[in-house]
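Peer 1: Quick one: the structure is below, and I'll ask about it shortly.
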There are 2 protein chains.
Amino acid sequence: MQNKSSETKMKNKRIIVVGATGRVGREILSILQELHIPRRHITAAASAHSRGMLLDYGDEKIEVKDLDTIDFSNYDIGLFSAGSSVSEKYAPIAANTGCFVIDNTSFFRMHEDIPLIVPEINFSDLRNYDSKIIANPNCSTIQMVMALKPLHDCFSLKEVVVSTYQAVSGAGQKGVDELQMQINDILNNRIPGHNHFKKQIAFNLIPQIDSFGDLDYTKEEWKMINETKKILGINDLIITATCVRVPVFTGHAVSVFAKFEKGININHAIESLNDFEGIKVIDNISDYEFATPIDSAGKNEVFVSRIRKHPDLNNALSFWCVSDNLRKGAALNAIQIAERL
Amino acid sequence: MQNKSSETKMKNKRIIVVGATGRVGREILSILQELHIPRRHITAAASAHSRGMLLDYGDEKIEVKDLDTIDFSNYDIGLFSAGSSVSEKYAPIAANTGCFVIDNTSFFRMHEDIPLIVPEINFSDLRNYDSKIIANPNCSTIQMVMALKPLHDCFSLKEVVVSTYQAVSGAGQKGVDELQMQINDILNNRIPGHNHFKKQIAFNLIPQIDSFGDLDYTKEEWKMINETKKILGINDLIITATCVRVPVFTGHAVSVFAKFEKGININHAIESLNDFEGIKVIDNISDYEFATPIDSAGKNEVFVSRIRKHPDLNNALSFWCVSDNLRKGAALNAIQIAERL
C-alpha cells in the first residue's frame with residue numbers, strides 16, 4: 001500500500017481470502033485489486049452454501065470455493081474474516097501447512113502466543129512471537145490506537161476514556177440491511193422490526209455492541225480495553241470504553257479523552273499526529289473543518305479532528321477520530337500486515 | 001407535574017409562552033395542556049411574522065400574538081424559548097413588570113446574578129438570588145446533572161468526561177427538516193444538500209454543535225462544562241465535554257465517565273439513581289434492557305443505563321443516559337421550575 005516495492009512483493013504471493021462473500025471479504029478483494037494483485041494469485045473461499053458465487057475483481061470475476069475443499073499448502077497468505085468459529089477451526093490448519101494467517105476475528109487476539117498487529121505501530125512485535133497466525137485488531141481499537149500511538153510517544157499515555165459511534169456495517173451485511181429496511185419501513189408508515197440489532201437502529205442509538213461480559217461491560221468494550229493495552233504495550237494503562245451503535249452505514253468514530261505522564265504542548269501533539277504514517281489531521285475550526293464518517297468512506301487514512309487540551313488539566317487532551325471501519329478498521333490493516341511480512 | 005397541589009397552583013397563574021411556534025414552545029404548550037392548565041390562562045407570543053398563527057392546545061386553538069404588543073404586567077410567568085437575542089431584550093422588560101421569566105436560552109445562564117435551576121437538584125438556590133429571571137440549563141447538561149447529582153451526594157464528584165449524542169430536534173425545526181430532507185434526497189438518488197448543519201447529518205455524525213469558543217471547544221461544550229459546575233455547586237469540578245450531533249430526531253444521549261472522592265459501591269450507586277426523583281434506571285443487561293432515544297421520546301424521565309464501575313479504578317464509574325431533549329431537556333424543566341415558584 002505504501003510503496004512500490006511492497007506492492008511488488010505482494011504480487012508474487014498466493015493469497016486466499018476466507019469469508020470472501022462478507023462485507024470485509026469483499027473489501028479485501030477490492031483493496032487487492034487496487035494493488036493490482038493478479039487475479040490468478042487470488043482464491044476466494046467461503047462456506048459451502050456460497051460455492052460457485054461470482055465476486056467482482058475489477059472487471060474480472062472470482063468464483064467462490066468451498067472452504068472445506070481448500071488445501072492451504074497452496075497458499076502463502078490467508079486473509080480470514082469468516083467469523084470466530086471458522087478461524088478457530090481453519091486458522092491452525094492453514095498455519096500448520098506454512099500459510100501465514102491474518103485473522104480478522106477476535107478469536108486469537110488476546111492469546112498470549114499470537115501477535116496483535118497494527119503495522120504502523122507494532123509490526124516489530126512479530127519478532128517476539130513464533131506464530132504463523134497474526135491477529136488483526138478490533139475496528140474501533142485500530143483507529144483509536146493509531147491516534148494514541150504518536151501521542152504516547154510524545155507524552156507517555158496513562159489513562160483513556162473512549163466513547164464510540166459505530167456504523168452498522170461493523171455488524172456485517174445484516175446490519176446494513178437492517179438499517180436500510182427500517183428506514184424504508186418508517187418512510188412507508190410501517191413499524192420497523194428488528195432482528196439483528198437488539199433495538200431499532202434507524203434514527204436511534206444502541207449502547208450495546210456484542211454480548212455482555214465481565215463487570216457488565218460488553219465484549220466490544222473489553223476488546224477496546226484489552227487490545228489497546230496489548231498493541232501499545234502498556235499493561236498498566238487505565239482505560240474504559242463505552243461502545244455505541246449509530247445509524248451510519250460506513251465509518252466508525254471515537255471520542256477520546258487521554259491523560260498522559262507529561263504536560264502537553266498542543267501544537268506538538270498535532271504535529272506528531274500529522275507526521276504519523278496513516279493519520280490525516282483535519283482540524284481547521286475557523287472553517288468548520290473536521291472529519292465525519294461519510295468523509296472517511298472508501299479512504300485509507302485515520303482522520304483526527306477536534307484536538308484540544310483539557311480546560312483544567314495540563315496533561316490531558318481530547319480528540320475525535322474517524323475511519324472507514326471496513327478499510328483501516330479491517331481489510332486494509334490485514335493487507336498492510338500481509339504486505340510487510 | 002409531581003403532585004396535585006402543584007398542578008392546582010399552576011392553574012391560577014397567567015402564563016405567557018414566548019417563542020410559542022418553535023419546537024420547544026410547542027412542547028411547552030403540550031405539557032401545559034397535559035397539566036390541564038385552562039386555555040384562557042395561556043397566551044402564545046412570537047415574532048410579528050407568526051402573528052395570527054393558530055397553535056394546537058388539546059382540542060382547542062391558541063392564536064399567536066405579536067411579542068411587541070405584549071404587556072407583561074398581565075402575566076405571572078413567562079416561559080421564553082425564542083432565542084438569545086429575544087431573551088436579552090424582553091426578559092428584563094418582563095421581569096421589571098413583576099413577571100417571573102423562565103428562560104430556555106443560554107443568554108442568562110452563566111450570569112452571576114441569575115439562578116440556573118434543575119428543580120430536583122438546586123431549586124433552593126433561588127434563595128441566594130434576588131432575580132425574577134431564572135435560567136433553564138442546556139438540554140444535554142440537564143440530563144447529565146440529573147444523573148450525577150445522586151452519585152455526587154453519595155461519593156463526592158471530582159472529575160467528568162462526557163461525550164454526547166444529540167438529536168437534530170435540539171437544533172429546532174430546521175434541524176428536523178434538514179435530516180428529513182436529506183433522507184428523502186438519498187432515497188431518491190439525489191445528493192443531499194445542507195444549510196442548517198455544517199455537514200450532511202443523514203447517516204453521518206457532526207462533532208460540532210454551536211460555534212467554536214475558547215480553547216477550540218464549541219460553545220455547546222462550554223455550556224456543559226460551566227453549567228454543570230454552577231448547577232451542582234462544584235466550582236473545582238474537573239470536566240471536559242465533546243458534543244456530537246447524530247441522525248436521531250428526538251432524544252439526546254450522553255456517555256458519562258465520572259470519578260469521585262470516595263470508593264464506589266455499585267449497588268449503592270444504582271440505588272441512589274433509582275431513588276432520585278425524575279430518574280428511571282433501565283439496566284437489565286441479561287435481557288438486553290437499556291434506554292435508547294426512541295424509548296425516551298415523549299417521556300418525562302431521565303433514563304440511566306449501562307451503570308458500571310471502572311475496570312481498574314475503585315472510585316470511577318461510567319453510565320449511559322437518555323432523555324427527551326424537548327421535555328426534561330427544555331420545556332418540562334422550565335414548567336417544573338414554574339410549578340415550584
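Ligands are numbered from 1 in the order shown, residues from 1 within each chain, and chains are lettered A, B, ... in the order they appear in the C-alpha cells.
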Enumerate as an mmCIF file with N, CA and C atoms, in the first residue's frame the residues belonging to chain A that approach chain B to within 6 Å, with only C-alpha atoms taken into account.
Peer 2:
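result-v4.cif written:
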```
data_model
loop_
_atom_site.group_PDB
_atom_site.id
_atom_site.type_symbol
_atom_site.label_atom_id
_atom_site.label_comp_id
_atom_site.auth_asym_id
_atom_site.auth_seq_id
_atom_site.Cartn_x
_atom_site.Cartn_y
_atom_site.Cartn_z
ATOM 1 N N PHE A 203 -32.692 6.095 13.131
ATOM 2 C CA PHE A 203 -32.993 7.292 13.936
ATOM 3 C C PHE A 203 -32.903 7.005 15.433
ATOM 4 N N ASN A 204 -31.988 6.105 15.791
ATOM 5 C CA ASN A 204 -31.843 5.707 17.188
ATOM 6 C C ASN A 204 -30.378 5.383 17.474
ATOM 7 N N LEU A 205 -30.087 5.064 18.733
ATOM 8 C CA LEU A 205 -28.740 4.712 19.170
ATOM 9 C C LEU A 205 -28.840 3.471 20.039
ATOM 10 N N PRO A 247 -26.829 5.092 13.648
ATOM 11 C CA PRO A 247 -27.419 4.861 12.327
ATOM 12 C C PRO A 247 -26.609 5.493 11.190
ATOM 13 N N VAL A 248 -25.415 4.973 11.018
ATOM 14 C CA VAL A 248 -24.476 5.398 9.974
ATOM 15 C C VAL A 248 -24.092 4.124 9.229
ATOM 16 N N THR A 292 -15.946 13.597 9.312
ATOM 17 C CA THR A 292 -17.187 12.899 9.638
ATOM 18 C C THR A 292 -17.154 11.538 8.927
ATOM 19 N N PRO A 293 -17.992 10.600 9.378
ATOM 20 C CA PRO A 293 -17.943 9.254 8.786
ATOM 21 C C PRO A 293 -18.061 9.244 7.260
#
```
Peer 1: From a DSSP calculation on the backbone, collect every residue of stretch 144-281 of chain B in helix (DSSP H, G or I) and output the set as JSON, numbers by chain.
Peer 2: {"B": [144, 145, 146, 147, 148, 149, 150, 151, 152, 153, 154, 155, 168, 169, 170, 171, 173, 174, 175, 176, 177, 178, 179, 180, 181, 182, 183, 184, 185, 186, 187, 214, 215, 216, 219, 220, 221, 222, 223, 224, 225, 226, 227, 228, 229, 230, 231, 232, 266, 267, 268, 269, 270, 271, 272, 273, 274, 275]}
Peer 1: Please run DSSP on the backbone and report, as a PyMOL selection string, all residues within stretch 37-285 of chain A that come out as strand (DSSP E or B).
Peer 2: chain A and resi 42-46+54-57+60-66+77-80+100-103+116+133-135+157-166+206+212+218+238-242+245+252-260+279-281+283-284
Peer 1: Could you jot down the atom CA of B:Thr21 to atom CA of B:Ile134 separation for me, Å, one decimal place?
Peer 2: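 Pair atom CA of B:Thr21 / atom CA of B:Ile134 returns 21.4 Å.
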Peer 1: Might you pull out every residue within 8 Å of B:Ile37, with only C-alpha atoms counted and same-chain residues fewer than 5 positions away left off, and present them as a PyMOL selection string?
Peer 2: chain B and resi 10-11+32+42
Peer 1: Need to verify the contact set: A:Phe260, 8 Å, only C-alpha atoms, exclusion of same-chain residues closer than 6 positions in sequence. Can you return it as number ranges by chain?
Peer 2: A: 152, 155-159, 315-316
Peer 1: For A:Leu54, find every residue with an atom within 10 Å (counting only C-alpha atoms), except residues of its own chain fewer than 5 positions away, and show them as a ChimeraX atom specification.
Peer 2: /A:21,44,60-65
